[in-house]
Structures are given as structure tokens and as C-alpha cells.
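Q: Questions regarding the structure given below will be posed in turn.
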Amino acid sequence: MTLGVLGTEWSAWAGIFFLLVFSTAIYLGWYFYFCGRSSGVLYSGIAAQVAFVGQVLGVMLVMGWLGILRPIPLAAMCALITTGVYLLGVRPHWRTVLDRNRAFIAWLRTVRVPLWAVLLGVLMAGLVARNIFWGWFLPPFQRDDIAYHLPILGNIIQNAAIRYFPSPAERISFFPINSELFQAWHFIFVGSDKLVDLAFLPGILAGGAALYGTSRRFGFSRRASLAGWAVFAFTPMVFLQQLGSYNDAWMASLFLCGAYLVVSMKPASARADDIQTAILAGICSGVILGTKFSGALSSLAIGVLILLFLVRRMLADRQWERPNSKAVLSGILVPLLVVLALTAAYGAYPLIRNTIHAGNPLAPVEVKIGSRILWEGKPEDEFLAIGSEEAFQNAGNGLELAYSTWFEREYLIYDPNNGGTGPLWLFIGIPGAILWVWESIRRRNAAAIALSILSLMILVFTPAQWRPRYMLPLLLLCGLGGALLFDALRSWPRRILAGGLVLAAAFVTIASLRPAPLEAGKAMALVFDRDDKQRNAAYVHPTNEFYEWVEERTAGAPAVIVYGRWVDVYPLFGSDLRNTVLSPAAYSAEAWGRALAESGADLVVVAGGSPEEEWTRESGVFTQVFQYDSWSVWEKN
């Protein structure tokens, strides 16, 4: 049964309502907790988002390792923690919470907001509404969603466990899991993938707020800080990654949150405040590491940044000369150990899993220094993202590739691999970043120099840094540089820059309203002609006729499906993960036959001409029932 014209079942509505209310209660508990201390509203909001992610992922990781990752135990454990936060952390300081928020509301009423800032806010509200609209009505449709991000989610939920899942698609077996696990939070209570593409939206908005807050910490005006925020917020890769499983913008936002929390450390804070900052920074660091292996550089940068701030404070106060120098040293070591422990807790699992099953913590990619191979795997050039080939053909080395993609010579506005920086990055962000680095050195601002060096370190050592989406952490410098550039101007040059911000943001907004790469007709058909049962990945896949057949075959009778090489996995699950989808751990005729027998497979999905097709035919147990292009479906006799 469905409710109204949206085509959503009552059970899904109930799950969505529970998810939103429960998530809000968890977030507000942490927000009130930080407000009750010596934290401002902005700091409390950002810290609460980090704590929310830390609580949800921490509980899900532990339950996944124990094999009990199911809705009721998950909700019960999160509710228990949140109840403790309210009773022990919020209730004793409730008067302070009320006073601080009342004072903030009163201050808001006195603030004069310039017209250009209002227009930027309206455009951002439109972008958020745009993403919520498409996230609600469209199924997962982006290439990486279907190929490996959401199959990882499906495996975890169906098994109620986090473990090694064998697959011929190596990224399903060896990719880090934190972003997929966080998306699973948005599935497990709803019972369908309706909201998983919107999982990262709050975190990315918090990243923008963190960039604004960092600008303020460095003394820029509110208007200049808004200009720096705009460079981040209206970079197409950022807001378009609010919709889908691409996790680069979410990682960059966690990096911005970590940097903001560290630079917000007080010159002479108490040990408890340092530990609080270390916990939040450690969550950011660990979640990033467990989201993508290239995020290790951002994790390292957060750890180094907090070390530099602690040492700088010690040197400034000449604390090492005091009799209790051992206590001073522990004041540095204890927060660092907290950061390291949390980084390992949230990020070490995929490294350990890959070492056990492949002998390479960064599997399946080959790791080498110069010509020396540290861990065997596939060379990096065998993992080219689909659509990258044209850029490789048009530019021969890293600098030429960066020039081609950062300046969008091949693609305009957005391409997940070869573009997506947008006009604000090019005309304000990068010039501002150059100015920021220069001024940091000229003024000998240690904190600014540290941020600059660490951000540039990420740029230099990240593999394939010519892909703009891998370089989103660089937006920290671009945003701070944009704020510096805005504050450096006066009178009509500043007004021209403000007008340019609005025009560029409007151009990006209008040019990106339709969700590429879907055709307009197909997107509209999904919105107006189908209900939630028919809004699933099978209907948006490039070879959708093949996956539609599987979808319709299993709609009333869930099946066990075994798949082979060169098959996109996620559309086989169904939007409610009703089908059990798996693959053998080893690929040989014996292993394939054993997998078919032990799994009780109802359907086998293979690519034409693959060894698995021949092995299935030779089994004598399955008959081919459908073929489309290069793929075929076999059904048990």
C-alpha cells in the first residue's frame, strides 16, 4: 500500500520518519552537549556532526565485527548512548545551553546580511532542494555506486556482518567500507535504498561551515569568510557529490572539520579540552582512513596539525622549563595517542582484512617505491576510471593532465574523473590559494604555514592528483585564499568580486540542475511514471533491459543469484536487497560448481564468452533463460 502520489509504501514512510527523528535526536544530543561547555554555536554544530558520525559508525563497526548488525540491536545501542549523553552531558548544563542559543538567536536578529550573501544562500538552498528531490525520486544511478559502493553495502546488510566478501570485482572485496557503512545507516531502518544517496548531505554542509569557521579563526571578516565558503560550496564536485556514493567531498568535509577543530584549540586550554579536540580530530582522521586509502594523507595531516598546535603552545608558554615538564610532555603525548587510537579504531580494519586475504594492505593496487615492489597487486594504470581515457589520450603527464582537467579543457562543469572544478575554483580559489601561501610566509604565521604545507603535501603525494575530485582537500587553501582576497579588496573592486561570486554560483547552479549522466526523459519517467518499487538501479543501468528482466523475474519471488566476472552487481540485489547475491571465493570450474551447489543458486548471471558461462552450461543443472547483448541469465532446472 502506498501513501499519496509519491509511490512510497507505509512501511517505508514509517522507516523514514524513524530514521529522521532518531538521527536528529542523536545529533541534537551532541549539539547540546557541546553548547553546554565553553563552545560557541558554530563549533557545537560542527563538533556535533563529527560526534554523530563517530557514534553511528563506531556502533555499526562493532556490531558488524560481532555479526549482529541488525536494526533493533543497532537502534538500542545508539539509543542507550544518546540517553547517556542527554542525562550525563546535557541535563547538568541545560541552563547554559538555553542561554547560549537564546543569545545566538538575538544576535542573528541584529546582523545585517548583504544582498550578495542572501543570493548565495538562496542558490545553496536551491541546490540542497535539488539534491533532495533527485535523491528521493531517483534510484542509485552513478557508475561507481552500482559497480562497487552499494554492493559492499548490500553484502554488509544481508550478512549483518563486516567481513571479507569474495568477488571478481576486486573493489567489492578490498575497498574500505566506512562510507558504505554510513550509507547503510540510511538503509537499515527504511528497508530500501531510497535515502542512501543523500547520506553525505549533512556532512558536506558541515564541511562548508567548518571552512567558514576556519576563516573566522584566522581573523577574516564574516563577509570574507562567506566568500571563502562559496568557493567550497559551489564547486560542482562538492554539491553534486551530495547525491550519490562518491565519497570524495564527504572525506574533504571531514578534513575541513578536523582542521577547524584543531585550529580552534585555545592558547591555554585545559587537559579535558585537549582530549575533547583529540577525540573529535581522531574520529575525522579514522573515518577518512577507513573511507578511501588515498585519504591516509588527510588523516596524517590532521594528526600532524594537532601535534604542531600542541608543540607551538608549549613553546610559546615556555612550559618545558617548568618543574613539571613530564606533565607538559604527557599533555602532548596523551592527545596524540588518543588521535592514533581512534584513527586505528575507525580506519585500520580494511588494512588488516586486505593483509590477511591478499598479503597487501592496499590491495588490489600494487604498491612500490621506485622500481621496488613492496606489495604485489595490479599496476595503478589498470584501474582507470571509466571516462578517463580521453584525458589520458590528450595529455601525456601529470602536469598536462592537471592543466587539462583543473581548467576544464575537456569537460565543462562536471565529470567525476576529468572535471568539476567550476569557475569559482579557477578564478577565485586558486589565485586566492597562491596569495594565501605567499602571505603566510611573508607574515610568518606558523598556523597558516602549517595548513599550507600539509595541504600541498596532500596535493603532491596523492596518486592521480590530476583528477579534481581527489584534490578536494586543496579547497581548504582555496577557501582561505578566497577570504583573504575578499578582505584585501575595498570599495568597487570588492563589489565586483561579490557580484562575480553570485554570477558564477548561479551559472553552476543552473547548468547542473539535471542529474548527468541520466537522460532527461528517463529521469522524468522515473519521477512521474513509477513508484518506489520501480525506482531502482535496474531501470537506470546502461544495459537496463538485462537488469529489468532480472528485476521482474525476482519481484514476487526473491532469488539466490550467483554472478561472474564483468557483471555490475548492485542491480541484481533489488532496491530492498531482497535477492541474495554472491560469488565464489576462487575462480575455477571446481570452485564455481561448488558455489552453485552450496549456495542453492536459483539464477546465475554471467558474461558471454566467460569461463563461468561454460562452467554453468557444463553443470547440467541450469538452463539459459535470457540473453541481452553480452550477458545471460541461467535458471536452475
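In the C-alpha cells, chains take the letters A, B, ... in the order shown, each chain's residues start at 1, and ligands count up from 1 in the order shown.
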Taking the DSSP secondary structure from the backbone, can you list the residues of stretch 163-407 of chain A that are strand (DSSP E), as an MDAnalysis selection string?

A: chainID A and resid 367:369 372:375

Q: List as a ChimeraX atom specification the protein and nucleic acid residues near A:Leu138, meaning an atom at most 12 Å away when only C-alpha atoms are counted, but skip any in the same chain fewer than 6 places from it.

A: /A:6,130-132,193-198,243-244,514-515,518,520,522-540,575

Q: Just N, CA and C atoms for this one: save the residues we selected as an mmCIF file, in the first residue's frame.

A:
data_model
loop_
_atom_site.group_PDB
_atom_site.id
_atom_site.type_symbol
_atom_site.label_atom_id
_atom_site.label_comp_id
_atom_site.auth_asym_id
_atom_site.auth_seq_id
_atom_site.Cartn_x
_atom_site.Cartn_y
_atom_site.Cartn_z
ATOM 1 N N LEU A 6 3.463 9.945 -4.158
ATOM 2 C CA LEU A 6 4.900 9.721 -4.133
ATOM 3 C C LEU A 6 5.270 8.266 -4.362
ATOM 4 N N ARG A 130 17.373 20.699 -4.751
ATOM 5 C CA ARG A 130 17.568 19.925 -5.982
ATOM 6 C C ARG A 130 18.081 18.525 -5.666
ATOM 7 N N ASN A 131 19.069 18.451 -4.765
ATOM 8 C CA ASN A 131 19.620 17.146 -4.428
ATOM 9 C C ASN A 131 18.623 16.279 -3.671
ATOM 10 N N ILE A 132 17.863 16.883 -2.766
ATOM 11 C CA ILE A 132 16.844 16.118 -2.042
ATOM 12 C C ILE A 132 15.784 15.596 -3.015
ATOM 13 N N ASP A 193 16.748 1.402 -0.576
ATOM 14 C CA ASP A 193 17.857 2.330 -0.835
ATOM 15 C C ASP A 193 17.380 3.739 -1.149
ATOM 16 N N LYS A 194 16.180 4.080 -0.724
ATOM 17 C CA LYS A 194 15.572 5.353 -1.100
ATOM 18 C C LYS A 194 16.397 6.560 -0.686
ATOM 19 N N LEU A 195 17.034 6.515 0.479
ATOM 20 C CA LEU A 195 17.747 7.687 1.007
ATOM 21 C C LEU A 195 19.260 7.530 1.029
ATOM 22 N N VAL A 196 19.791 6.418 0.543
ATOM 23 C CA VAL A 196 21.235 6.209 0.690
ATOM 24 C C VAL A 196 22.047 7.234 -0.097
ATOM 25 N N ASP A 197 21.490 7.740 -1.210
ATOM 26 C CA ASP A 197 22.240 8.719 -1.996
ATOM 27 C C ASP A 197 22.302 10.089 -1.331
ATOM 28 N N LEU A 198 21.551 10.283 -0.258
ATOM 29 C CA LEU A 198 21.562 11.571 0.450
ATOM 30 C C LEU A 198 22.328 11.491 1.765
ATOM 31 N N LEU A 243 24.864 13.899 -3.773
ATOM 32 C CA LEU A 243 23.896 12.963 -4.339
ATOM 33 C C LEU A 243 24.667 11.794 -4.944
ATOM 34 N N GLY A 244 24.652 10.664 -4.276
ATOM 35 C CA GLY A 244 25.352 9.501 -4.797
ATOM 36 C C GLY A 244 26.339 8.946 -3.792
ATOM 37 N N ARG A 514 19.965 19.270 -13.988
ATOM 38 C CA ARG A 514 19.647 17.898 -14.389
ATOM 39 C C ARG A 514 20.776 16.981 -13.954
ATOM 40 N N PRO A 515 20.447 15.815 -13.423
ATOM 41 C CA PRO A 515 21.498 14.913 -12.932
ATOM 42 C C PRO A 515 22.170 14.166 -14.082
ATOM 43 N N LEU A 518 22.177 10.895 -16.555
ATOM 44 C CA LEU A 518 20.864 10.401 -16.958
ATOM 45 C C LEU A 518 20.252 11.287 -18.036
ATOM 46 N N ALA A 520 17.224 13.212 -19.792
ATOM 47 C CA ALA A 520 16.100 13.913 -19.171
ATOM 48 C C ALA A 520 14.831 13.067 -19.210
ATOM 49 N N LYS A 522 14.445 9.789 -19.308
ATOM 50 C CA LYS A 522 14.485 8.663 -18.366
ATOM 51 C C LYS A 522 14.308 9.157 -16.931
ATOM 52 N N ALA A 523 14.931 10.299 -16.599
ATOM 53 C CA ALA A 523 14.786 10.835 -15.252
ATOM 54 C C ALA A 523 13.336 11.222 -14.968
ATOM 55 N N MET A 524 12.688 11.877 -15.924
ATOM 56 C CA MET A 524 11.300 12.295 -15.724
ATOM 57 C C MET A 524 10.360 11.098 -15.627
ATOM 58 N N ALA A 525 10.641 10.045 -16.395
ATOM 59 C CA ALA A 525 9.807 8.848 -16.322
ATOM 60 C C ALA A 525 9.880 8.221 -14.932
ATOM 61 N N LEU A 526 11.078 8.222 -14.342
ATOM 62 C CA LEU A 526 11.223 7.673 -13.001
ATOM 63 C C LEU A 526 10.472 8.507 -11.976
ATOM 64 N N VAL A 527 10.443 9.810 -12.165
ATOM 65 C CA VAL A 527 9.766 10.697 -11.220
ATOM 66 C C VAL A 527 8.253 10.552 -11.311
ATOM 67 N N PHE A 528 7.713 10.567 -12.530
ATOM 68 C CA PHE A 528 6.264 10.695 -12.700
ATOM 69 C C PHE A 528 5.541 9.390 -13.032
ATOM 70 N N ASP A 529 6.253 8.395 -13.564
ATOM 71 C CA ASP A 529 5.567 7.207 -14.059
ATOM 72 C C ASP A 529 5.806 5.954 -13.239
ATOM 73 N N ARG A 530 6.630 6.020 -12.203
ATOM 74 C CA ARG A 530 6.943 4.811 -11.445
ATOM 75 C C ARG A 530 6.787 5.062 -9.947
ATOM 76 N N ASP A 531 6.507 3.971 -9.229
ATOM 77 C CA ASP A 531 6.504 4.064 -7.770
ATOM 78 C C ASP A 531 7.860 3.578 -7.251
ATOM 79 N N ASP A 532 7.991 3.515 -5.928
ATOM 80 C CA ASP A 532 9.285 3.183 -5.341
ATOM 81 C C ASP A 532 9.783 1.800 -5.746
ATOM 82 N N LYS A 533 8.888 0.847 -5.932
ATOM 83 C CA LYS A 533 9.305 -0.491 -6.316
ATOM 84 C C LYS A 533 9.991 -0.498 -7.676
ATOM 85 N N GLN A 534 9.610 0.452 -8.528
ATOM 86 C CA GLN A 534 10.178 0.509 -9.876
ATOM 87 C C GLN A 534 11.280 1.546 -9.998
ATOM 88 N N ARG A 535 11.515 2.279 -8.945
ATOM 89 C CA ARG A 535 12.625 3.232 -8.946
ATOM 90 C C ARG A 535 13.843 2.541 -8.354
ATOM 91 N N ASN A 536 14.447 1.681 -9.113
ATOM 92 C CA ASN A 536 15.640 1.002 -8.627
ATOM 93 C C ASN A 536 16.692 0.978 -9.712
ATOM 94 N N ALA A 537 17.871 0.551 -9.329
ATOM 95 C CA ALA A 537 19.026 0.672 -10.211
ATOM 96 C C ALA A 537 18.867 -0.089 -11.517
ATOM 97 N N ALA A 538 18.021 -1.103 -11.533
ATOM 98 C CA ALA A 538 17.836 -1.878 -12.761
ATOM 99 C C ALA A 538 17.330 -1.012 -13.905
ATOM 100 N N TYR A 539 16.561 0.024 -13.599
ATOM 101 C CA TYR A 539 15.920 0.822 -14.638
ATOM 102 C C TYR A 539 16.775 1.991 -15.113
ATOM 103 N N VAL A 540 17.927 2.189 -14.519
ATOM 104 C CA VAL A 540 18.798 3.284 -14.952
ATOM 105 C C VAL A 540 20.150 2.786 -15.440
ATOM 106 N N SER A 575 16.063 -3.047 -5.017
ATOM 107 C CA SER A 575 16.191 -1.854 -4.176
ATOM 108 C C SER A 575 15.987 -2.145 -2.700
#

Q: As an exercise, work out the distance from atom CA of A:Phe461 to atom CA of A:Phe309 in Å and give it to one decimal place.

A: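 According to the coordinates, atom CA of A:Phe461 and atom CA of A:Phe309 are separated by 23.1 Å.
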
Q: For the atom pair atom CA of A:Glu545 and atom CA of A:Asn579, what is the interatomic distance in Å to one decimal place?

A: 18.2 Å

Q: For a quick check of understanding, using only C-alpha atoms, which of A:Met63, A:Val50, A:Ile428, A:Leu459 has the smallest distance to A:Gly481?

A: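 Smallest separation from A:Gly481 among the options: A:Ile428.
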
Q: What is the distance, in Å and to one decimal place, between atom CA of A:Val581 and atom CA of A:Ile561?

A: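 Here the two named atoms are 4.8 Å from each other.
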
Q: Neighbours of stretch 551-559 of chain A within 7 Å (only C-alpha atoms; same-chain residues fewer than 2 positions away dropped), as a list in words?

A: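 Neighbouring residues, sequence-local ones excluded: Ala538, Tyr547, Glu548, Trp549, Ile561, Gly574, Arg578, Asn579, Thr580, Asp602 and Leu603 of chain A.
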
Q: Per residue of stretch 466-514 of chain A within 9 Å of stretch 203-212 of chain A, what are the shortest atom pair and its distance in Å to one decimal, counting only C-alpha atoms, with rows by chain and residue number, as CSV?

A:
residue,atom,partner,partner_atom,distance
A:Leu475,CA,A:Leu211,CA,8.8
A:Leu476,CA,A:Leu211,CA,6.8
A:Gly479,CA,A:Leu211,CA,6.8
A:Leu480,CA,A:Leu211,CA,7.6
A:Ala483,CA,A:Tyr212,CA,9.0

Q: Next, the residues of the selection above should be written as a PDB file, in the first residue's frame with N, CA and C atoms.

A:
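Saved result, selection_37.pdb, follows:
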ATOM      1  N   LEU A 475      40.742  22.522  -1.282  1.00  0.00           N
ATOM      2  CA  LEU A 475      39.779  23.611  -1.122  1.00  0.00           C
ATOM      3  C   LEU A 475      39.936  24.322   0.218  1.00  0.00           C
ATOM      4  N   LEU A 476      40.641  23.729   1.167  1.00  0.00           N
ATOM      5  CA  LEU A 476      40.945  24.451   2.404  1.00  0.00           C
ATOM      6  C   LEU A 476      41.754  25.696   2.083  1.00  0.00           C
ATOM      7  N   GLY A 479      39.583  28.140  -0.160  1.00  0.00           N
ATOM      8  CA  GLY A 479      38.596  28.896   0.598  1.00  0.00           C
ATOM      9  C   GLY A 479      39.229  29.973   1.456  1.00  0.00           C
ATOM     10  N   LEU A 480      40.306  29.623   2.162  1.00  0.00           N
ATOM     11  CA  LEU A 480      41.003  30.625   2.966  1.00  0.00           C
ATOM     12  C   LEU A 480      41.584  31.719   2.072  1.00  0.00           C
ATOM     13  N   ALA A 483      38.838  34.082   1.013  1.00  0.00           N
ATOM     14  CA  ALA A 483      38.526  35.030   2.090  1.00  0.00           C
ATOM     15  C   ALA A 483      39.588  36.119   2.179  1.00  0.00           C
TER      16      ALA A 483
END

Q: Need the shell around stretch 18-33 of chain A: protein/DNA/RNA residues with any atom at most 7 Å away, counting only C-alpha atoms. Skip same-chain ones fewer than 4 positions apart. Format as a list in words?

A: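 Residues near the query, excluding close chain neighbours: Ala14, Ser44, Gly45, Ala48, Gln49, Ala51, Phe52, Thr82, Val85, Tyr86, Gly89, Val90, Val97 and Phe189 of chain A.
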
Q: Pick from A:Tyr563, A:Trp65, A:Tyr470, A:Phe220: nearest to A:Ile162, with only C-alpha atoms counted?

A: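 Smallest separation from A:Ile162 among the options: A:Trp65.
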
Q: Here is a test: counting only C-alpha atoms, which residue of A:Phe187, A:Tyr260, A:Tyr403, A:Tyr148 is nearest to A:Ser245?

A: A:Tyr148

Q: Identify which of the residues A:Pro335, A:Ala76, A:Val238, A:Leu401 lies closest to A:Leu127, counting only C-alpha atoms when measuring atom-to-atom distances.

A: A:Val238

Q: Counting only C-alpha atoms, which of A:Leu340, A:Ala316, A:Ile332, A:Ala348 gets nearest to A:Phe293?

A: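 Checking each candidate against A:Phe293, we get A:Ala348 as the closest.
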
Q: For stretch 356-366 of chain A, find every residue with an atom within 9 Å (counting only C-alpha atoms), except residues of its own chain fewer than 6 positions away, and show them as a list in words.

A: Tyr164, Glu170, Arg171, Ser173, Phe174, Phe175, Phe293, Pro350, Ile373, Leu374, Trp375, Glu376, Gly377, Lys378, Pro379, Glu380, Glu382 and Phe383 of chain A

Q: Output C-alpha atoms for every residue in the selection just made, as an mmCIF file, in the first residue's frame.

A:
data_model
loop_
_atom_site.group_PDB
_atom_site.id
_atom_site.type_symbol
_atom_site.label_atom_id
_atom_site.label_comp_id
_atom_site.auth_asym_id
_atom_site.auth_seq_id
_atom_site.Cartn_x
_atom_site.Cartn_y
_atom_site.Cartn_z
ATOM 1 C CA TYR A 164 35.718 -10.367 3.646
ATOM 2 C CA GLU A 170 38.157 -6.640 -6.612
ATOM 3 C CA ARG A 171 36.988 -3.303 -5.254
ATOM 4 C CA SER A 173 36.340 -7.358 -1.805
ATOM 5 C CA PHE A 174 39.115 -4.938 -0.861
ATOM 6 C CA PHE A 175 37.745 -1.386 -0.818
ATOM 7 C CA PHE A 293 43.103 4.590 1.062
ATOM 8 C CA PRO A 350 40.315 -2.690 5.748
ATOM 9 C CA ILE A 373 57.575 -3.584 -5.256
ATOM 10 C CA LEU A 374 56.526 -3.545 -1.605
ATOM 11 C CA TRP A 375 53.221 -5.358 -2.034
ATOM 12 C CA GLU A 376 52.144 -7.122 -5.177
ATOM 13 C CA GLY A 377 48.910 -6.246 -6.938
ATOM 14 C CA LYS A 378 47.651 -4.729 -10.138
ATOM 15 C CA PRO A 379 49.502 -1.692 -11.517
ATOM 16 C CA GLU A 380 47.664 1.565 -10.959
ATOM 17 C CA GLU A 382 44.887 -0.929 -14.793
ATOM 18 C CA PHE A 383 42.376 0.828 -12.541
#
